[in-house]
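K.L.:
First, the structure itself, so that you have it in front of you.
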Amino acid sequence: RHNIIEMILQTYVSTIILLLHTPSFIHASSSTPKMTATNAAQVDPAIYAKSGDISKHLEGVKKQYDTQNKIEFYKQVMGDGTANIHFGKWDNVDLDQEGAYGKASEQMTDYMFELVSGLCDCEGEFKYVDLGSGTGAAALRLVKMHPHIKHATCLNLCDEQNALATKEAAEAGLESRIEVVTGTYEDAPLEDNKYDACFSQDAFVHAFEKKQAFKEAFRVTKPGGAFVWCDLMCGSGEGVSDEELQTFAATNMVNDWLSPEENVAACQAVGWEDVKFVDLTADIRISFQLMLKKVEKILADGNPAGIDEKLLASYKTNLGNRITQVDRGVFKWGVVHAKKPTTSAN
């Protein structure tokens with residue numbers, strides 16, 4: 001456990017940079033990926049290639065996230081100037097209003113927390129853990145909004161993000177209720193049966209082994225507690241080949257690329273009950289559309305925040321590809337929720 005933590009400090013924030021910064025179609029048989037999409041961005045196979053080695057996998061994920069430039073990019077493109085940098089839930093959100101993406105992102109956080117809270121067999125003070133918490137924005141929002149949350153643990157592996165989360169909690173006067181812990185959700189440095197709920201927003205896509213991540217969530221949740229997470233999952237669109245699905249995964253640091261049905265089965269295999277998948281794929285299409293709009297505006301305004309121009313150009317090129325892939329069924333996006341039996345001994 002400690003060797004892994006000391007070796008790589010991985011992030012689990014919104015999982016977008018890899019999913020948008022790489023090509024749509026790559027020959028899986030080649031050791032050096034060849035671009036077959038004319039508008040695909042070049043990638044470094046030494047970083048992106050699927051290795052089957054957990055240390056290399058986590059190092060590759062880490063290289064793509066924990067920099068001030070990436071944090072600023074997410075803040076401007078997805079957070080509308082806030083630190084909540086997740087995909088959005090777009091019910092009743094005016095796409096043309098100022099701050100639409102930030103509102104949808106926060107709405108998704110609220111939806112997930114309401115869902116998991118309703119599943120818990122608990123009363124009074126509430127403790128939960130955010131697995132792959134990124135900048136801690138979701139916990140900061142929820143703790144501010146809900147006085148009954150006694151304690152929120154933000155488990156994350158990136159130094160820059162954890163420092164920001166710690167700073168924001170202190171400035172909000174919430175340091176006694178929000179704890180930032182460095183660690184991985186596949187080998188969590190947390191006590192058994194500690195939390196009323198486990199929560200994870202756009203983080204599990206990079207799990208080296210999904211079943212192990214779900215097992216750890218089960219271990220740290222109290223009997224009668226609940227689990228909710230959302231992320232991209234393997235699709236099953238008509239005309240989408242197995243090769244395309246696997247190469248998409250292999251070039252986006254996705255080691256364990258499961259469909260919604262397979263994720264449900266993996267949760268059940270480690271003890272979770274009443275496991276359900278809520279399909280929100282239509283919402284991620286809107287998220288990609290709005291992200292493209294934001295990137296185009298940043299470029300049109302002369303890039304006032306000074307974000308890496310190559311990063312912006314790559315996003316502008318590849319967001320269109322991602323929208324097309326949603327339409328073709330290359331991947332899905334949605335929520336999985338479950339309960340831990342009240343009689344569980346673990």
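Simple scheme: letters A, B, ... for chains in structure tokens order, numbers from 1 for residues in each chain, numbers from 1 for ligands in the order shown.
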Within 12 Å of range 230-236 of chain A, which residues of range 103-145 of chain A come that close, and what is the closest atom pair and distance in Å for each? Count only C-alpha atoms and give it as JSON lines.
P.N.:
```
{"residue": "A:Met108", "atom": "CA", "partner": "A:Cys230", "partner_atom": "CA", "distance": 9.5}
{"residue": "A:Thr109", "atom": "CA", "partner": "A:Cys230", "partner_atom": "CA", "distance": 9.9}
{"residue": "A:Tyr111", "atom": "CA", "partner": "A:Cys230", "partner_atom": "CA", "distance": 11.0}
{"residue": "A:Met112", "atom": "CA", "partner": "A:Cys230", "partner_atom": "CA", "distance": 8.4}
{"residue": "A:Phe113", "atom": "CA", "partner": "A:Cys230", "partner_atom": "CA", "distance": 11.5}
{"residue": "A:Leu115", "atom": "CA", "partner": "A:Cys230", "partner_atom": "CA", "distance": 11.9}
{"residue": "A:Val116", "atom": "CA", "partner": "A:Cys230", "partner_atom": "CA", "distance": 11.9}
{"residue": "A:Asp130", "atom": "CA", "partner": "A:Cys230", "partner_atom": "CA", "distance": 11.9}
{"residue": "A:Leu131", "atom": "CA", "partner": "A:Cys230", "partner_atom": "CA", "distance": 11.2}
{"residue": "A:Gly132", "atom": "CA", "partner": "A:Cys230", "partner_atom": "CA", "distance": 11.5}
```
K.L.:
Please list as a PyMOL selection string every residue within 12 Å of Asp242 in chain A, counting only C-alpha atoms and excluding residues in the same chain fewer than 6 positions away.
P.N.:
chain A and resi 28+234-236+248-249+257+329-331
K.L.:
How many Å lie between CA of Lys339 in chain A and CA of Ala226 in chain A, rounded to one decimal?
P.N.:
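Pair CA of Lys339 in chain A / CA of Ala226 in chain A returns 4.3 Å.
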K.L.:
Using only C-alpha atoms, which residues sit within 12 Å of range 168-175 of chain A once same-chain residues fewer than 4 positions away are excluded, as a PyMOL selection string?
P.N.:
chain A and resi 82-83+135-145+147+149-154+161-164+179-180
K.L.:
Grab the CA of Leu311 in chain A to CA of Phe73 in chain A distance for me, in Å with one decimal place.
P.N.:
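Answer for the CA of Leu311 in chain A to CA of Phe73 in chain A separation: 8.6 Å.
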K.L.:
I want to know what sits within 10 Å of Phe288 in chain A, based on only C-alpha atoms, with residues of the same chain fewer than 5 positions away left out; could you give that as a list in words?
P.N.:
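The filter keeps Ile16, Leu20, Met78, Phe87, Gly88, Asp283, Lys293, Lys294, Asn318, Leu319, Gly320, Asn321, Arg322, Ile323 and Val326 of chain A.
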K.L.:
For range 333-338 of chain A, work out the shell of residues within 6 Å, counting only C-alpha atoms and skipping chain neighbours fewer than 6 positions away, then give it as number ranges by chain.
P.N.:
A: 226-233, 272-281
K.L.:
Just write the chosen residues, all heavy atoms, as a short mmCIF file (atom, residue, chain, number, x, y, z; two decimals), in the first residue's frame.
P.N.:
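Result file out_26.cif:
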```cif
data_model
loop_
_atom_site.label_atom_id
_atom_site.label_comp_id
_atom_site.auth_asym_id
_atom_site.auth_seq_id
_atom_site.Cartn_x
_atom_site.Cartn_y
_atom_site.Cartn_z
N ALA A 226 -24.31 3.24 1.78
CA ALA A 226 -24.58 3.26 0.35
C ALA A 226 -23.37 3.74 -0.44
O ALA A 226 -22.41 4.30 0.10
CB ALA A 226 -25.78 4.15 0.06
N PHE A 227 -23.43 3.50 -1.75
CA PHE A 227 -22.34 3.77 -2.67
C PHE A 227 -22.92 4.40 -3.92
O PHE A 227 -23.91 3.91 -4.48
CB PHE A 227 -21.66 2.44 -2.99
CG PHE A 227 -20.49 2.47 -3.92
CD1 PHE A 227 -19.61 3.55 -3.98
CD2 PHE A 227 -20.23 1.38 -4.76
CE1 PHE A 227 -18.52 3.55 -4.83
CE2 PHE A 227 -19.13 1.36 -5.61
CZ PHE A 227 -18.28 2.45 -5.65
N VAL A 228 -22.34 5.50 -4.40
CA VAL A 228 -22.76 6.11 -5.65
C VAL A 228 -21.53 6.59 -6.40
O VAL A 228 -20.61 7.16 -5.81
CB VAL A 228 -23.76 7.27 -5.43
CG1 VAL A 228 -23.11 8.44 -4.68
CG2 VAL A 228 -24.35 7.74 -6.75
N TRP A 229 -21.49 6.31 -7.69
CA TRP A 229 -20.39 6.81 -8.51
C TRP A 229 -20.86 7.02 -9.94
O TRP A 229 -21.81 6.41 -10.39
CB TRP A 229 -19.18 5.86 -8.48
CG TRP A 229 -19.41 4.48 -9.04
CD1 TRP A 229 -19.94 3.40 -8.39
CD2 TRP A 229 -19.08 4.03 -10.37
NE1 TRP A 229 -19.98 2.31 -9.22
CE2 TRP A 229 -19.44 2.66 -10.44
CE3 TRP A 229 -18.52 4.63 -11.48
CZ2 TRP A 229 -19.26 1.90 -11.59
CZ3 TRP A 229 -18.33 3.88 -12.64
CH2 TRP A 229 -18.70 2.53 -12.68
N CYS A 230 -20.20 7.92 -10.64
CA CYS A 230 -20.50 8.14 -12.05
C CYS A 230 -19.21 8.20 -12.84
O CYS A 230 -18.16 8.59 -12.32
CB CYS A 230 -21.29 9.44 -12.25
SG CYS A 230 -20.34 10.96 -12.04
N ASP A 231 -19.27 7.79 -14.11
CA ASP A 231 -18.10 7.87 -14.98
C ASP A 231 -18.44 7.34 -16.36
O ASP A 231 -19.52 6.80 -16.60
CB ASP A 231 -16.92 7.10 -14.41
CG ASP A 231 -15.61 7.86 -14.60
OD1 ASP A 231 -15.47 8.54 -15.64
OD2 ASP A 231 -14.74 7.81 -13.72
N LEU A 232 -17.46 7.49 -17.26
CA LEU A 232 -17.55 6.89 -18.58
C LEU A 232 -17.44 5.38 -18.47
O LEU A 232 -16.70 4.86 -17.64
CB LEU A 232 -16.43 7.41 -19.47
CG LEU A 232 -16.57 8.85 -19.97
CD1 LEU A 232 -15.25 9.33 -20.55
CD2 LEU A 232 -17.67 8.95 -21.02
N MET A 233 -18.17 4.69 -19.34
CA MET A 233 -18.15 3.23 -19.37
C MET A 233 -18.15 2.77 -20.82
O MET A 233 -18.49 3.52 -21.73
CB MET A 233 -19.37 2.66 -18.63
CG MET A 233 -19.48 3.14 -17.21
SD MET A 233 -20.95 2.53 -16.36
CE MET A 233 -21.13 3.79 -15.09
N TRP A 272 -21.95 -5.68 -2.86
CA TRP A 272 -22.97 -4.64 -2.94
C TRP A 272 -24.31 -5.23 -3.40
O TRP A 272 -24.34 -6.13 -4.24
CB TRP A 272 -22.54 -3.54 -3.92
CG TRP A 272 -21.38 -2.72 -3.46
CD1 TRP A 272 -20.09 -2.78 -3.90
CD2 TRP A 272 -21.40 -1.71 -2.44
NE1 TRP A 272 -19.30 -1.89 -3.24
CE2 TRP A 272 -20.07 -1.21 -2.33
CE3 TRP A 272 -22.40 -1.19 -1.62
CZ2 TRP A 272 -19.74 -0.20 -1.43
CZ3 TRP A 272 -22.05 -0.18 -0.72
CH2 TRP A 272 -20.74 0.30 -0.63
N GLU A 273 -25.39 -4.69 -2.85
CA GLU A 273 -26.73 -5.15 -3.21
C GLU A 273 -27.54 -4.02 -3.82
O GLU A 273 -27.19 -2.84 -3.71
CB GLU A 273 -27.45 -5.70 -1.98
CG GLU A 273 -26.81 -6.96 -1.41
CD GLU A 273 -27.61 -7.55 -0.26
OE1 GLU A 273 -28.52 -6.86 0.26
OE2 GLU A 273 -27.33 -8.70 0.12
N ASP A 274 -28.65 -4.39 -4.46
CA ASP A 274 -29.55 -3.42 -5.10
C ASP A 274 -28.78 -2.49 -6.02
O ASP A 274 -28.98 -1.27 -6.02
CB ASP A 274 -30.30 -2.60 -4.04
CG ASP A 274 -31.15 -3.45 -3.13
OD1 ASP A 274 -31.68 -4.48 -3.60
OD2 ASP A 274 -31.26 -3.12 -1.93
N VAL A 275 -27.88 -3.07 -6.81
CA VAL A 275 -27.03 -2.27 -7.69
C VAL A 275 -27.81 -1.87 -8.94
O VAL A 275 -28.39 -2.71 -9.61
CB VAL A 275 -25.77 -3.06 -8.09
CG1 VAL A 275 -24.80 -2.15 -8.86
CG2 VAL A 275 -25.08 -3.65 -6.86
N LYS A 276 -27.80 -0.59 -9.24
CA LYS A 276 -28.54 -0.07 -10.40
C LYS A 276 -27.65 0.89 -11.20
O LYS A 276 -26.79 1.58 -10.65
CB LYS A 276 -29.78 0.70 -9.94
CG LYS A 276 -30.77 -0.10 -9.11
CD LYS A 276 -31.51 -1.13 -9.93
CE LYS A 276 -32.69 -1.75 -9.15
NZ LYS A 276 -32.27 -2.34 -7.87
N PHE A 277 -27.90 0.92 -12.51
CA PHE A 277 -27.23 1.88 -13.40
C PHE A 277 -28.27 2.86 -13.94
O PHE A 277 -29.33 2.47 -14.42
CB PHE A 277 -26.55 1.16 -14.57
CG PHE A 277 -26.07 2.09 -15.67
CD1 PHE A 277 -25.02 2.96 -15.44
CD2 PHE A 277 -26.69 2.09 -16.92
CE1 PHE A 277 -24.57 3.81 -16.45
CE2 PHE A 277 -26.25 2.94 -17.93
CZ PHE A 277 -25.18 3.80 -17.70
N VAL A 278 -27.96 4.15 -13.85
CA VAL A 278 -28.81 5.21 -14.40
C VAL A 278 -28.09 5.80 -15.61
O VAL A 278 -27.01 6.38 -15.48
CB VAL A 278 -29.08 6.32 -13.36
CG1 VAL A 278 -29.99 7.39 -13.95
CG2 VAL A 278 -29.68 5.73 -12.09
N ASP A 279 -28.65 5.63 -16.79
CA ASP A 279 -28.02 6.07 -18.03
C ASP A 279 -28.20 7.57 -18.23
O ASP A 279 -29.32 8.06 -18.39
CB ASP A 279 -28.61 5.30 -19.21
CG ASP A 279 -27.81 5.49 -20.50
OD1 ASP A 279 -26.97 6.40 -20.56
OD2 ASP A 279 -28.03 4.70 -21.44
N LEU A 280 -27.09 8.31 -18.23
CA LEU A 280 -27.11 9.76 -18.43
C LEU A 280 -26.24 10.15 -19.62
O LEU A 280 -25.70 11.27 -19.67
CB LEU A 280 -26.63 10.47 -17.16
CG LEU A 280 -27.48 10.27 -15.90
CD1 LEU A 280 -26.79 10.90 -14.70
CD2 LEU A 280 -28.87 10.84 -16.08
N THR A 281 -26.11 9.25 -20.58
CA THR A 281 -25.23 9.49 -21.72
C THR A 281 -25.61 10.76 -22.48
O THR A 281 -24.73 11.47 -22.99
CB THR A 281 -25.24 8.28 -22.66
OG1 THR A 281 -24.88 7.10 -21.92
CG2 THR A 281 -24.23 8.45 -23.79
#
```
K.L.:
List every residue of range 101-250 of chain A that DSSP, applied to the backbone of this structure, places in helix (DSSP H, G or I), and write the result as a PyMOL selection string.
P.N.:
chain A and resi 101-119+137-145+159-171+204-206+210-220+242-250
K.L.:
Please list as a ChimeraX atom specification every residue within 12 Å of Phe208 in chain A, counting only C-alpha atoms and excluding residues in the same chain fewer than 3 positions away.
P.N.:
/A:10,50-61,184-187,203-205,211-214,249-250,253-258
K.L.:
CA of Val295 in chain A and CA of Tyr101 in chain A, how far apart in Å?
P.N.:
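Taking CA of Tyr101 in chain A and CA of Val295 in chain A, their separation equals 12.3 Å.
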K.L.:
I need the residue nearest Met291 in chain A from this list: A:Gly306, A:Asn346, A:Lys316, A:Asp159. Use only C-alpha atoms for the distance.
P.N.:
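Counting only C-alpha atoms, the residue closest to Met291 in chain A is A:Lys316.
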K.L.:
From range 26-239 of chain A, collect each residue whose DSSP state is strand (DSSP E) and return the set as a VMD selection string.
P.N.:
chain A and resid 126 to 131 149 to 156 178 to 182 195 to 201 221 to 234
